[in-house]
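File shown here: entry-v3.txt, holding compact mmCIF, C-alpha atoms and all ligand atoms.
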```
# COMPACT_ATOMS: atom_id res chain seq x y z
CA MET L 1160 18.60 -9.56 -4.94
CA LEU L 1161 17.06 -10.20 -8.32
CA THR L 1162 19.64 -12.64 -9.67
CA GLY L 1163 18.36 -14.42 -12.76
CA LYS L 1164 15.02 -12.57 -12.77
CA ARG L 1165 13.74 -11.28 -16.12
CA ILE L 1166 11.96 -7.94 -16.21
CA LEU L 1167 10.05 -6.64 -19.21
CA LEU L 1168 10.19 -2.87 -18.65
CA ILE L 1169 7.61 -0.82 -20.56
CA ILE L 1170 8.54 2.86 -20.58
CA GLY L 1171 5.61 5.19 -21.23
CA GLY L 1172 5.76 8.73 -22.58
CA GLY L 1173 6.12 11.02 -19.59
CA ILE L 1174 8.77 13.40 -18.28
CA SER L 1175 9.66 10.93 -15.52
CA ALA L 1176 10.87 8.48 -18.18
CA TYR L 1177 14.34 9.86 -17.35
CA LYS L 1178 14.11 8.10 -13.96
CA SER L 1179 13.55 4.81 -15.79
CA LEU L 1180 17.14 4.97 -17.03
CA ASP L 1181 18.31 4.89 -13.42
CA LEU L 1182 15.75 2.16 -12.71
CA ILE L 1183 17.32 -0.03 -15.42
CA ARG L 1184 20.76 0.41 -13.80
CA LYS L 1185 19.47 -0.39 -10.34
CA LEU L 1186 17.61 -3.50 -11.53
CA ARG L 1187 20.69 -4.75 -13.38
CA GLU L 1188 22.97 -4.02 -10.39
CA ARG L 1189 20.78 -6.47 -8.45
CA GLY L 1190 21.20 -9.17 -11.07
CA ALA L 1191 18.01 -8.76 -13.12
CA ALA L 1192 17.94 -8.91 -16.92
CA VAL L 1193 15.92 -6.01 -18.33
CA THR L 1194 14.21 -6.11 -21.71
CA PRO L 1195 12.97 -2.60 -22.51
CA VAL L 1196 9.95 -1.58 -24.57
CA LEU L 1197 9.44 2.10 -25.47
CA THR L 1198 6.07 3.51 -26.45
CA GLY L 1199 6.09 5.98 -29.33
CA ALA L 1200 5.65 8.87 -26.89
CA ALA L 1201 8.48 7.58 -24.67
CA THR L 1202 10.99 8.13 -27.47
CA GLU L 1203 10.22 11.87 -27.17
CA PHE L 1204 11.65 11.77 -23.64
CA VAL L 1205 14.46 9.16 -23.72
CA THR L 1206 16.37 7.75 -26.66
CA SER L 1207 16.48 4.10 -27.70
CA LEU L 1208 20.26 4.43 -27.73
CA SER L 1209 20.58 5.28 -24.03
CA VAL L 1210 18.02 2.61 -23.08
CA ALA L 1211 19.88 -0.01 -25.15
CA ALA L 1212 23.25 1.00 -23.68
CA LEU L 1213 22.01 0.84 -20.09
CA SER L 1214 19.99 -2.36 -20.45
CA GLY L 1215 22.46 -4.18 -22.67
CA SER L 1216 19.43 -5.43 -24.57
CA LYS L 1217 17.60 -4.87 -27.79
CA VAL L 1218 14.97 -2.15 -27.39
CA TYR L 1219 11.50 -2.98 -28.67
CA GLY L 1220 9.18 -0.28 -29.95
CA GLU L 1221 7.05 -0.99 -33.01
CA LEU L 1222 4.30 -3.60 -33.12
CA PHE L 1223 4.77 -4.28 -36.82
CA ASP L 1224 8.55 -4.68 -36.87
CA LEU L 1225 9.39 -7.58 -39.15
CA THR L 1226 12.93 -8.07 -37.87
CA ALA L 1227 11.80 -8.06 -34.22
CA GLU L 1228 8.89 -10.36 -35.03
CA ALA L 1229 11.23 -12.80 -36.78
CA GLU L 1230 13.61 -12.80 -33.76
CA MET L 1231 10.92 -12.99 -31.06
CA GLY L 1232 7.18 -12.71 -31.71
CA HIS L 1233 5.29 -10.18 -29.59
CA ILE L 1234 3.31 -12.91 -27.82
CA GLN L 1235 6.51 -14.68 -26.85
CA LEU L 1236 8.00 -11.35 -25.71
CA SER L 1237 4.98 -10.79 -23.45
CA ARG L 1238 5.52 -14.16 -21.76
CA SER L 1239 9.31 -14.18 -21.56
CA ALA L 1240 9.57 -12.28 -18.27
CA ASP L 1241 9.03 -13.00 -14.59
CA LEU L 1242 7.47 -9.57 -14.16
CA VAL L 1243 6.22 -6.79 -16.43
CA VAL L 1244 6.98 -3.33 -15.03
CA VAL L 1245 5.35 -0.22 -16.50
CA ALA L 1246 7.32 2.90 -15.51
CA PRO L 1247 6.27 5.56 -16.07
CA ALA L 1248 2.67 4.47 -16.59
CA THR L 1249 0.86 7.43 -18.12
CA ALA L 1250 -2.88 8.06 -17.73
CA ASP L 1251 -3.27 7.07 -21.39
CA LEU L 1252 -1.40 3.78 -21.04
CA MET L 1253 -3.39 2.83 -17.92
CA ALA L 1254 -6.66 3.68 -19.70
CA LYS L 1255 -5.65 1.34 -22.53
CA MET L 1256 -4.76 -1.38 -20.03
CA ALA L 1257 -8.05 -0.99 -18.16
CA HIS L 1258 -10.05 -1.23 -21.39
CA GLY L 1259 -8.04 -3.94 -23.10
CA LEU L 1260 -6.87 -1.81 -26.04
CA ALA L 1261 -3.95 -3.13 -28.06
CA ASN L 1262 -2.97 -0.64 -30.72
CA ASP L 1263 0.79 -0.54 -30.19
CA LEU L 1264 3.45 -2.94 -28.93
CA ALA L 1265 3.30 -1.86 -25.26
CA SER L 1266 -0.49 -2.21 -24.94
CA THR L 1267 -0.47 -5.44 -26.96
CA LEU L 1268 2.14 -6.97 -24.65
CA LEU L 1269 0.13 -5.90 -21.60
CA LEU L 1270 -2.99 -7.56 -23.01
CA ALA L 1271 -1.17 -10.72 -24.10
CA THR L 1272 0.96 -11.27 -21.01
CA ASP L 1273 0.29 -13.99 -18.46
CA THR L 1274 2.93 -12.71 -16.02
CA PRO L 1275 2.26 -10.36 -13.08
CA VAL L 1276 2.27 -6.64 -13.85
CA LEU L 1277 3.61 -3.83 -11.63
CA VAL L 1278 2.70 -0.26 -12.57
CA ALA L 1279 4.41 3.00 -11.50
CA PRO L 1280 1.98 5.78 -12.48
CA ALA L 1281 3.20 9.29 -13.30
CA MET L 1282 1.07 12.20 -14.40
CA ASN L 1283 -0.19 15.66 -13.56
CA VAL L 1284 -2.13 15.79 -10.28
CA ARG L 1285 -5.43 16.76 -11.96
CA MET L 1286 -5.10 13.84 -14.37
CA TRP L 1287 -4.40 11.53 -11.42
CA ASP L 1288 -7.42 12.84 -9.48
CA HIS L 1289 -9.73 12.65 -12.50
CA ALA L 1290 -12.63 10.25 -12.02
CA ALA L 1291 -11.70 8.42 -15.25
CA THR L 1292 -8.14 7.70 -14.03
CA GLN L 1293 -9.40 6.64 -10.60
CA ARG L 1294 -11.93 4.29 -12.27
CA ASN L 1295 -9.18 2.80 -14.42
CA ILE L 1296 -6.94 2.28 -11.38
CA ALA L 1297 -9.75 0.51 -9.51
CA THR L 1298 -10.33 -1.73 -12.55
CA LEU L 1299 -6.63 -2.55 -12.85
CA ALA L 1300 -6.34 -3.27 -9.11
CA ASP L 1301 -9.33 -5.61 -9.46
CA ASP L 1302 -7.57 -7.30 -12.36
CA GLY L 1303 -4.62 -8.02 -10.04
CA VAL L 1304 -2.26 -5.30 -11.27
CA ALA L 1305 0.09 -4.06 -8.50
CA PHE L 1306 0.95 -0.39 -8.02
CA VAL L 1307 3.95 1.48 -6.66
CA GLY L 1308 3.39 5.20 -6.06
CA PRO L 1309 2.64 7.77 -7.26
CA ASN L 1310 4.26 10.02 -4.66
CA GLU L 1311 3.18 13.45 -3.59
CA GLY L 1312 5.38 16.46 -4.30
CA ASP L 1313 6.37 19.22 -6.70
CA MET L 1314 5.74 18.24 -10.29
CA ALA L 1315 7.58 19.06 -13.50
CA CYS L 1316 4.44 20.94 -14.64
CA GLY L 1317 4.74 23.32 -11.66
CA GLU L 1318 1.80 21.91 -9.68
CA PHE L 1319 1.91 20.05 -6.37
CA GLY L 1320 0.20 16.81 -5.34
CA PRO L 1321 0.12 13.08 -5.99
CA GLY L 1322 1.34 12.14 -9.47
CA ARG L 1323 5.15 11.99 -9.26
CA MET L 1324 6.52 8.64 -10.27
CA ALA L 1325 7.91 6.57 -7.37
CA GLU L 1326 11.70 6.81 -7.03
CA PRO L 1327 13.78 4.07 -8.72
CA LEU L 1328 14.72 2.51 -5.36
CA GLU L 1329 11.06 2.35 -4.34
CA ILE L 1330 10.24 0.62 -7.62
CA VAL L 1331 13.12 -1.81 -7.09
CA ALA L 1332 11.75 -2.62 -3.60
CA ALA L 1333 8.31 -3.25 -5.10
CA VAL L 1334 9.85 -5.48 -7.79
CA GLU L 1335 11.76 -7.45 -5.14
CA ALA L 1336 8.61 -7.85 -3.06
CA LYS L 1337 6.65 -8.99 -6.12
CA LEU L 1338 9.28 -11.53 -7.14
CA SER L 1339 10.06 -12.71 -3.64
CA ASP L 1340 9.88 -16.43 -3.09
CA GLY L 1341 9.41 -15.74 0.60
CA PRO L 1342 7.39 -17.88 2.99
CA LEU L 1343 4.27 -15.70 2.58
CA LYS L 1344 4.12 -16.00 -1.21
CA GLY L 1345 0.50 -16.43 -2.30
CA LYS L 1346 -0.87 -15.31 1.09
CA ARG L 1347 -3.15 -12.28 1.27
CA VAL L 1348 -2.60 -10.06 4.30
CA LEU L 1349 -4.93 -7.23 5.27
CA ILE L 1350 -3.53 -4.43 7.47
CA THR L 1351 -5.27 -1.41 8.97
CA SER L 1352 -3.02 1.48 9.90
CA GLY L 1353 -2.88 5.12 11.00
CA PRO L 1354 -5.42 7.21 12.87
CA THR L 1355 -9.00 7.88 11.86
CA HIS L 1356 -10.44 11.38 11.54
CA GLU L 1357 -13.98 11.79 12.81
CA PRO L 1358 -15.58 15.00 11.52
CA ILE L 1359 -17.21 17.57 13.80
CA ASP L 1360 -18.08 19.77 10.83
CA PRO L 1361 -16.53 20.18 7.34
CA VAL L 1362 -13.37 21.85 8.73
CA ARG L 1363 -12.88 20.27 12.18
CA TYR L 1364 -12.31 16.70 13.25
CA ILE L 1365 -11.36 14.50 16.20
CA ALA L 1366 -8.12 12.57 15.71
CA ASN L 1367 -5.29 10.88 17.63
CA ARG L 1368 -1.50 10.93 17.56
CA SER L 1369 -0.93 7.72 15.57
CA SER L 1370 1.60 8.34 12.76
CA GLY L 1371 0.96 5.09 10.89
CA ALA L 1372 4.67 4.17 11.23
CA GLN L 1373 4.14 0.73 12.80
CA GLY L 1374 1.46 -0.35 10.32
CA THR L 1375 3.54 0.87 7.37
CA ALA L 1376 6.69 -0.91 8.59
CA LEU L 1377 4.65 -4.08 9.05
CA ALA L 1378 3.25 -3.85 5.51
CA ASN L 1379 6.79 -3.51 4.13
CA ALA L 1380 8.06 -6.45 6.20
CA LEU L 1381 5.19 -8.74 5.17
CA SER L 1382 5.50 -7.71 1.54
CA ALA L 1383 9.24 -8.49 1.65
CA LEU L 1384 8.31 -12.04 2.72
CA GLY L 1385 6.21 -12.33 -0.42
CA ALA L 1386 2.72 -11.55 0.96
CA ASP L 1387 0.09 -9.77 -1.14
CA VAL L 1388 -0.69 -6.89 1.18
CA VAL L 1389 -3.88 -4.82 1.23
CA PHE L 1390 -3.22 -1.70 3.29
CA VAL L 1391 -6.25 0.19 4.61
CA THR L 1392 -4.99 3.46 6.05
CA GLY L 1393 -6.41 6.51 7.79
CA PRO L 1394 -4.74 9.91 7.25
CA ALA L 1395 -1.21 8.98 8.41
CA ASP L 1396 1.94 11.14 8.70
CA VAL L 1397 4.24 8.63 7.02
CA ALA L 1398 4.06 7.77 3.30
CA PRO L 1399 2.19 4.54 2.54
CA PRO L 1400 4.26 1.42 1.75
CA SER L 1401 5.44 0.76 -1.81
CA GLY L 1402 4.21 -2.06 -3.97
CA VAL L 1403 1.09 -2.88 -1.98
CA GLU L 1404 -2.58 -2.16 -2.59
CA VAL L 1405 -3.41 1.01 -0.62
CA ILE L 1406 -6.98 1.98 0.32
CA ALA L 1407 -7.16 5.43 1.93
CA VAL L 1408 -10.01 6.25 4.30
CA GLN L 1409 -10.82 8.97 6.83
CA THR L 1410 -13.31 7.61 9.35
CA ALA L 1411 -13.78 4.39 11.34
CA GLN L 1412 -16.96 3.60 9.43
CA GLN L 1413 -15.15 3.96 6.09
CA MET L 1414 -12.33 1.78 7.45
CA LEU L 1415 -14.82 -0.98 8.33
CA GLU L 1416 -16.36 -0.81 4.84
CA ALA L 1417 -12.91 -0.94 3.19
CA VAL L 1418 -11.95 -3.95 5.35
CA GLN L 1419 -15.17 -5.77 4.45
CA THR L 1420 -14.51 -5.13 0.75
CA ALA L 1421 -10.87 -6.25 1.03
CA LEU L 1422 -11.73 -9.59 2.71
CA PRO L 1423 -11.19 -12.53 2.36
CA ALA L 1424 -7.60 -12.65 3.58
CA ASP L 1425 -5.36 -15.30 5.13
CA VAL L 1426 -4.16 -12.91 7.83
CA ALA L 1427 -5.65 -9.65 9.15
CA ILE L 1428 -3.64 -7.22 11.29
CA PHE L 1429 -5.30 -4.27 12.97
CA ALA L 1430 -2.59 -1.70 13.65
CA ALA L 1431 -4.87 1.33 13.18
CA ALA L 1432 -5.64 3.62 16.10
CA VAL L 1433 -9.36 3.72 15.41
CA ALA L 1434 -11.39 6.43 17.17
CA ASP L 1435 -13.81 4.74 19.55
CA TRP L 1436 -16.41 7.46 19.09
CA ARG L 1437 -17.65 9.71 16.31
CA VAL L 1438 -19.66 12.91 16.61
CA GLU L 1439 -23.27 12.01 16.18
CA GLY L 1440 -24.92 14.04 13.42
CA ALA L 1441 -21.73 15.91 12.42
CA SER L 1442 -22.70 19.27 10.98
CA ASP L 1443 -22.47 19.71 7.20
CA ARG L 1444 -21.82 23.41 7.79
CA LYS L 1445 -19.03 25.00 9.79
CA LEU L 1446 -20.18 25.52 13.41
CA LYS L 1447 -20.22 29.25 14.26
CA LYS L 1448 -19.68 31.02 17.57
CA THR L 1449 -23.01 32.20 18.93
CA LYS L 1450 -24.14 34.24 21.91
CA ASP L 1451 -26.07 31.20 23.15
CA GLY L 1452 -22.94 29.59 24.56
CA LEU L 1453 -20.71 26.68 23.71
CA PRO L 1454 -21.66 23.94 21.25
CA THR L 1455 -22.42 20.51 22.67
CA LEU L 1456 -21.01 17.48 20.92
CA THR L 1457 -22.88 14.20 21.28
CA PHE L 1458 -20.92 11.03 20.59
CA ALA L 1459 -21.93 7.73 19.02
CA GLU L 1460 -19.90 4.55 19.30
CA ASN L 1461 -17.85 3.51 16.27
CA PRO L 1462 -17.86 -0.09 15.04
CA ASP L 1463 -15.07 -2.21 16.52
CA ILE L 1464 -13.42 -3.45 13.32
CA LEU L 1465 -11.07 -5.93 15.02
CA ALA L 1466 -13.88 -7.50 17.05
CA HIS L 1467 -16.12 -7.65 13.97
CA VAL L 1468 -13.54 -9.53 11.89
CA SER L 1469 -12.41 -11.76 14.80
CA GLN L 1470 -15.99 -12.89 15.34
CA LEU L 1471 -16.92 -13.55 11.70
CA LYS L 1472 -18.79 -16.84 11.39
CA THR L 1473 -17.69 -17.36 7.80
CA GLY L 1474 -14.61 -16.05 6.03
CA ARG L 1475 -12.64 -15.32 9.20
CA PRO L 1476 -8.92 -14.96 8.39
CA ALA L 1477 -6.86 -17.87 9.76
CA LEU L 1478 -4.87 -15.44 11.91
CA VAL L 1479 -6.28 -12.21 13.35
CA VAL L 1480 -3.83 -9.88 15.13
CA GLY L 1481 -4.79 -6.79 17.12
CA PHE L 1482 -2.71 -4.10 18.78
CA ALA L 1483 -3.38 -2.76 22.24
CA ALA L 1484 -2.30 0.78 22.98
CA GLU L 1485 -2.32 1.13 26.76
CA THR L 1486 -1.07 3.68 29.26
CA ASN L 1487 -1.30 1.50 32.36
CA ASP L 1488 -1.62 -2.17 33.42
CA VAL L 1489 -0.51 -3.06 29.88
CA GLU L 1490 -0.53 -6.86 30.22
CA ALA L 1491 -3.79 -7.13 32.15
CA ASN L 1492 -5.62 -4.73 29.82
CA ALA L 1493 -4.25 -6.37 26.68
CA THR L 1494 -5.09 -9.88 27.90
CA ALA L 1495 -8.65 -8.75 28.61
CA LYS L 1496 -8.79 -7.21 25.11
CA LEU L 1497 -7.67 -10.49 23.50
CA LYS L 1498 -10.58 -12.28 25.18
CA ARG L 1499 -13.16 -9.56 24.62
CA LYS L 1500 -12.42 -9.08 20.92
CA GLY L 1501 -11.77 -12.73 20.06
CA CYS L 1502 -8.53 -12.23 18.11
CA ASP L 1503 -5.62 -14.70 18.10
CA TRP L 1504 -2.76 -12.41 19.12
CA ILE L 1505 -2.53 -8.97 20.69
CA VAL L 1506 0.60 -6.89 20.22
CA ALA L 1507 0.54 -4.82 23.39
CA ASN L 1508 2.45 -1.60 23.88
CA ASP L 1509 2.69 1.15 26.47
CA VAL L 1510 1.88 4.45 24.77
CA SER L 1511 2.26 6.70 27.84
CA PRO L 1512 3.79 10.00 26.65
CA GLU L 1513 7.06 9.34 28.57
CA THR L 1514 7.71 6.20 26.47
CA GLY L 1515 7.88 8.29 23.26
CA ILE L 1516 6.32 5.35 21.40
CA MET L 1517 3.28 7.01 19.84
CA GLY L 1518 4.64 8.96 16.86
CA GLY L 1519 8.22 7.77 17.61
CA SER L 1520 10.46 5.31 15.74
CA GLU L 1521 10.81 2.65 18.48
CA ASN L 1522 8.40 0.26 20.11
CA ASP L 1523 8.40 -1.91 23.20
CA VAL L 1524 5.90 -4.72 22.77
CA ALA L 1525 4.62 -7.93 24.32
CA ILE L 1526 2.87 -10.57 22.23
CA ILE L 1527 -0.17 -11.96 24.01
CA SER L 1528 -1.94 -15.12 22.87
CA GLN L 1529 -3.69 -18.14 24.36
CA ALA L 1530 -0.18 -19.52 24.91
CA GLY L 1531 0.69 -16.66 27.28
CA VAL L 1532 2.73 -13.46 27.28
CA GLU L 1533 6.02 -12.98 25.44
CA GLU L 1534 7.96 -9.80 26.23
CA TRP L 1535 10.16 -8.38 23.47
CA PRO L 1536 12.99 -5.92 24.21
CA ARG L 1537 12.61 -2.31 23.03
CA MET L 1538 13.62 -2.05 19.35
CA SER L 1539 12.88 -0.01 16.22
CA LYS L 1540 9.39 -0.27 14.72
CA ASP L 1541 11.09 -1.73 11.61
CA MET L 1542 12.67 -4.47 13.69
CA VAL L 1543 9.40 -5.22 15.54
CA SER L 1544 7.76 -5.52 12.14
CA ARG L 1545 10.35 -7.88 10.69
CA LYS L 1546 10.18 -10.11 13.77
CA LEU L 1547 6.39 -10.08 13.75
CA ALA L 1548 6.26 -10.82 10.00
CA GLN L 1549 8.55 -13.81 10.57
CA ARG L 1550 6.30 -15.05 13.39
CA ILE L 1551 3.23 -14.68 11.21
CA ALA L 1552 4.92 -16.64 8.41
CA GLU L 1553 5.76 -19.45 10.86
CA ALA L 1554 2.22 -19.47 12.28
CA ILE L 1555 0.41 -19.86 8.98
CA ALA L 1556 2.97 -21.94 7.09
N1 LIG L 1601 -9.82 -1.39 16.97
C1 LIG L 1601 -10.67 -1.50 15.90
N2 LIG L 1601 -11.81 -0.77 15.84
C2 LIG L 1601 -12.12 0.09 16.85
C3 LIG L 1601 -11.26 0.22 17.96
C4 LIG L 1601 -10.11 -0.54 17.98
O1 LIG L 1601 -10.38 -2.28 14.97
N3 LIG L 1601 -13.23 0.79 16.77
C5 LIG L 1601 -8.62 -2.25 17.02
C6 LIG L 1601 -7.31 -1.51 16.92
O2 LIG L 1601 -6.88 -1.44 15.57
C7 LIG L 1601 -6.40 -2.40 17.75
C8 LIG L 1601 -7.32 -2.96 18.82
O3 LIG L 1601 -8.63 -2.85 18.29
O4 LIG L 1601 -5.91 -3.50 17.03
C9 LIG L 1601 -7.26 -2.31 20.15
O5 LIG L 1601 -7.35 -0.93 20.02
P1 LIG L 1601 -7.32 0.00 21.31
O6 LIG L 1601 -7.57 1.40 20.89
O7 LIG L 1601 -6.10 -0.29 22.11
O8 LIG L 1601 -8.50 -0.61 22.13
P2 LIG L 1601 -10.00 -0.19 22.30
O9 LIG L 1601 -10.88 -1.22 21.72
O10 LIG L 1601 -10.19 1.20 21.82
O11 LIG L 1601 -10.17 -0.30 23.86
P3 LIG L 1601 -9.89 0.82 25.00
O12 LIG L 1601 -10.39 2.10 24.47
O13 LIG L 1601 -10.68 0.28 26.13
O14 LIG L 1601 -8.43 0.77 25.29
```
Would you write out, as structure tokens, the structure that this file holds?
Ligand code: CTP
Amino acid sequence: MLTGKRILLIIGGGISAYKSLDLIRKLRERGAAVTPVLTGAATEFVTSLSVAALSGSKVYGELFDLTAEAEMGHIQLSRSADLVVVAPATADLMAKMAHGLANDLASTLLLATDTPVLVAPAMNVRMWDHAATQRNIATLADDGVAFVGPNEGDMACGEFGPGRMAEPLEIVAAVEAKLSDGPLKGKRVLITSGPTHEPIDPVRYIANRSSGAQGTALANALSALGADVVFVTGPADVAPPSGVEVIAVQTAQQMLEAVQTALPADVAIFAAAVADWRVEGASDRKLKKTKDGLPTLTFAENPDILAHVSQLKTGRPALVVGFAAETNDVEANATAKLKRKGCDWIVANDVSPETGIMGGSENDVAIISQAGVEEWPRMSKDMVSRKLAQRIAEAIA
């Protein structure tokens, strides 16, 4: 619920502005008060009248509006909310934010505000992929701006790819996570998730069956308890969590680098199914069939990211949690892993094909720590995540 929370909603000029009308309704249904601001371009897509009717509030638009300035100055407006939400955030608006421009009311409020900012980008896929946009996003993430979406899919412009604004319910979930007064508020949690892809050549790779479902569910559960989550993910089947910082990687080596960049953190959870080996000297050209016989692949060992972080001399997170995917002697193997890697807890599970756990929606885990082994009954990956998030909150409170 968002009872009593005040949201300053900046609506940018994009076709997905129509979804922001539904967003206003959904935020108000949950008890939030919404003060809307329309950029000049936004008024081409939605009218002030519909925004005013749905929000039940005055709609702000012009920077030099004497009446508005007399009622509430723009600086005061920028500080009068618990959260500033920008939806849709166009490439132009994010570029202004990243560079500190303030030439209209929306950008001025974003520069003047001292409240947290959540951004829901929406744009054409090429604009999203453009190096300039990606640079701006990295700058904004560094500045502490939170993101929700964009999603991948068909776009109004007829193209396909990332760039669609997150759905109103996803934005609401991100707002709730951001405003949560949960027990993990102010704690930074790093999570690795999904498989890694280790290239053989530019078109082939070695992978595993991890879907990323458990890591994603865990990120959502921790975020709902108020944690600031950094989510480092390999190429997973499931969509990444909403409202958290997502860093996408392909290989184990890239995952290690992303983890090192994302540290320090209060808690680190390693749910990724990292490939233990990579192909040494992967070819930069596609391997061709030859008359000389079959190709030979030579392997090199990948860095063990969990062991590396567990054994850090300085800057080790207060709680380091690993997962153990086993097909036999689960407890014995997982207990040995806890010792060998030096982490605090191991979440052990049996991933034999007959369990249906890898790639499925349920999990059957045991939590192994210095204190011993605690068996949990089989339950959904969502439920495992909520229970684990609660445990983590208790452990680092
Ligand atoms: N892990 C990691 N980096 C690796 C390998 C594993 O961070 N290179 C982490 C996983 O994210 C997980 C834990 O270590 O939290 C155990 O992963 P698992 O694949 O079960 O264990 P391995 O170390 O690969 O051991 P084994 O192959 O002997 O089962």
- [ ] Show me which residues sit within 9 Å of ligand LIG 1601 (chain L) when counting only C-alpha atoms and all ligand atoms, and put them as a count of residues only.
- [x] 41
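Shortest atom-to-atom contact with Leu1377 of chain L among L:Leu1471, L:Ala1290, L:Val1389, L:Ala1477: L:Val1389, counting all atoms listed in the file.
Note that the spacing between atom CA of Ser1442 of chain L and atom CA of Ile1406 of chain L amounts to 25.7 Å.
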Task: Residue among L:Asn1367, L:Ser1179, L:Thr1514, L:Ser1539 lying closest to Val1331 of chain L, counting all atoms listed in the file - done: L:Ser1179
Task: Nearest residue to Thr1249 of chain L from the set L:Pro1342, L:Gly1172, L:Pro1275, L:Pro1536 (distances using all atoms listed in the file) - done: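 Of the candidates, the smallest distance to Thr1249 of chain L is held by L:Gly1172.
With all atoms listed in the file as the basis for measurement, L:Ala1427 is the residue among L:Ala1201, L:Leu1168, L:Leu1446, L:Ala1427 that approaches Ser1469 of chain L most closely.
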Output requested as a PDB file, in the coordinates of the input - segment 1513-1518 of chain L, filled out with all heavy atoms.
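Listed below is the output, part.pdb:
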```pdb
ATOM      1  N   GLU L1513       5.632   9.438  28.210  1.00  0.00           N
ATOM      2  CA  GLU L1513       7.060   9.340  28.570  1.00  0.00           C
ATOM      3  C   GLU L1513       7.791   8.221  27.827  1.00  0.00           C
ATOM      4  O   GLU L1513       9.013   8.213  27.756  1.00  0.00           O
ATOM      5  CB  GLU L1513       7.245   9.208  30.096  1.00  0.00           C
ATOM      6  CG  GLU L1513       6.629   7.969  30.734  1.00  0.00           C
ATOM      7  CD  GLU L1513       5.140   8.124  31.094  1.00  0.00           C
ATOM      8  OE1 GLU L1513       4.504   9.068  30.597  1.00  0.00           O
ATOM      9  OE2 GLU L1513       4.640   7.276  31.862  1.00  0.00           O
ATOM     10  N   THR L1514       7.045   7.280  27.224  1.00  0.00           N
ATOM     11  CA  THR L1514       7.710   6.200  26.470  1.00  0.00           C
ATOM     12  C   THR L1514       8.146   6.685  25.091  1.00  0.00           C
ATOM     13  O   THR L1514       9.033   6.087  24.478  1.00  0.00           O
ATOM     14  CB  THR L1514       6.777   4.989  26.264  1.00  0.00           C
ATOM     15  OG1 THR L1514       5.675   5.390  25.431  1.00  0.00           O
ATOM     16  CG2 THR L1514       6.263   4.409  27.561  1.00  0.00           C
ATOM     17  N   GLY L1515       7.532   7.751  24.592  1.00  0.00           N
ATOM     18  CA  GLY L1515       7.880   8.290  23.260  1.00  0.00           C
ATOM     19  C   GLY L1515       7.505   7.344  22.128  1.00  0.00           C
ATOM     20  O   GLY L1515       7.993   7.479  21.004  1.00  0.00           O
ATOM     21  N   ILE L1516       6.624   6.369  22.409  1.00  0.00           N
ATOM     22  CA  ILE L1516       6.320   5.350  21.400  1.00  0.00           C
ATOM     23  C   ILE L1516       5.338   5.860  20.344  1.00  0.00           C
ATOM     24  O   ILE L1516       5.551   5.685  19.151  1.00  0.00           O
ATOM     25  CB  ILE L1516       5.822   4.063  22.096  1.00  0.00           C
ATOM     26  CG1 ILE L1516       7.042   3.340  22.681  1.00  0.00           C
ATOM     27  CG2 ILE L1516       5.050   3.160  21.139  1.00  0.00           C
ATOM     28  CD1 ILE L1516       6.732   2.145  23.537  1.00  0.00           C
ATOM     29  N   MET L1517       4.279   6.532  20.816  1.00  0.00           N
ATOM     30  CA  MET L1517       3.280   7.010  19.840  1.00  0.00           C
ATOM     31  C   MET L1517       3.908   8.151  19.032  1.00  0.00           C
ATOM     32  O   MET L1517       4.331   9.161  19.581  1.00  0.00           O
ATOM     33  CB  MET L1517       2.021   7.492  20.556  1.00  0.00           C
ATOM     34  CG  MET L1517       0.810   7.411  19.670  1.00  0.00           C
ATOM     35  SD  MET L1517      -0.552   6.639  20.552  1.00  0.00           S
ATOM     36  CE  MET L1517      -1.755   6.402  19.288  1.00  0.00           C
ATOM     37  N   GLY L1518       4.027   7.945  17.720  1.00  0.00           N
ATOM     38  CA  GLY L1518       4.640   8.960  16.860  1.00  0.00           C
ATOM     39  C   GLY L1518       6.148   8.823  16.785  1.00  0.00           C
ATOM     40  O   GLY L1518       6.802   9.476  15.991  1.00  0.00           O
TER      41      GLY L1518
END
```
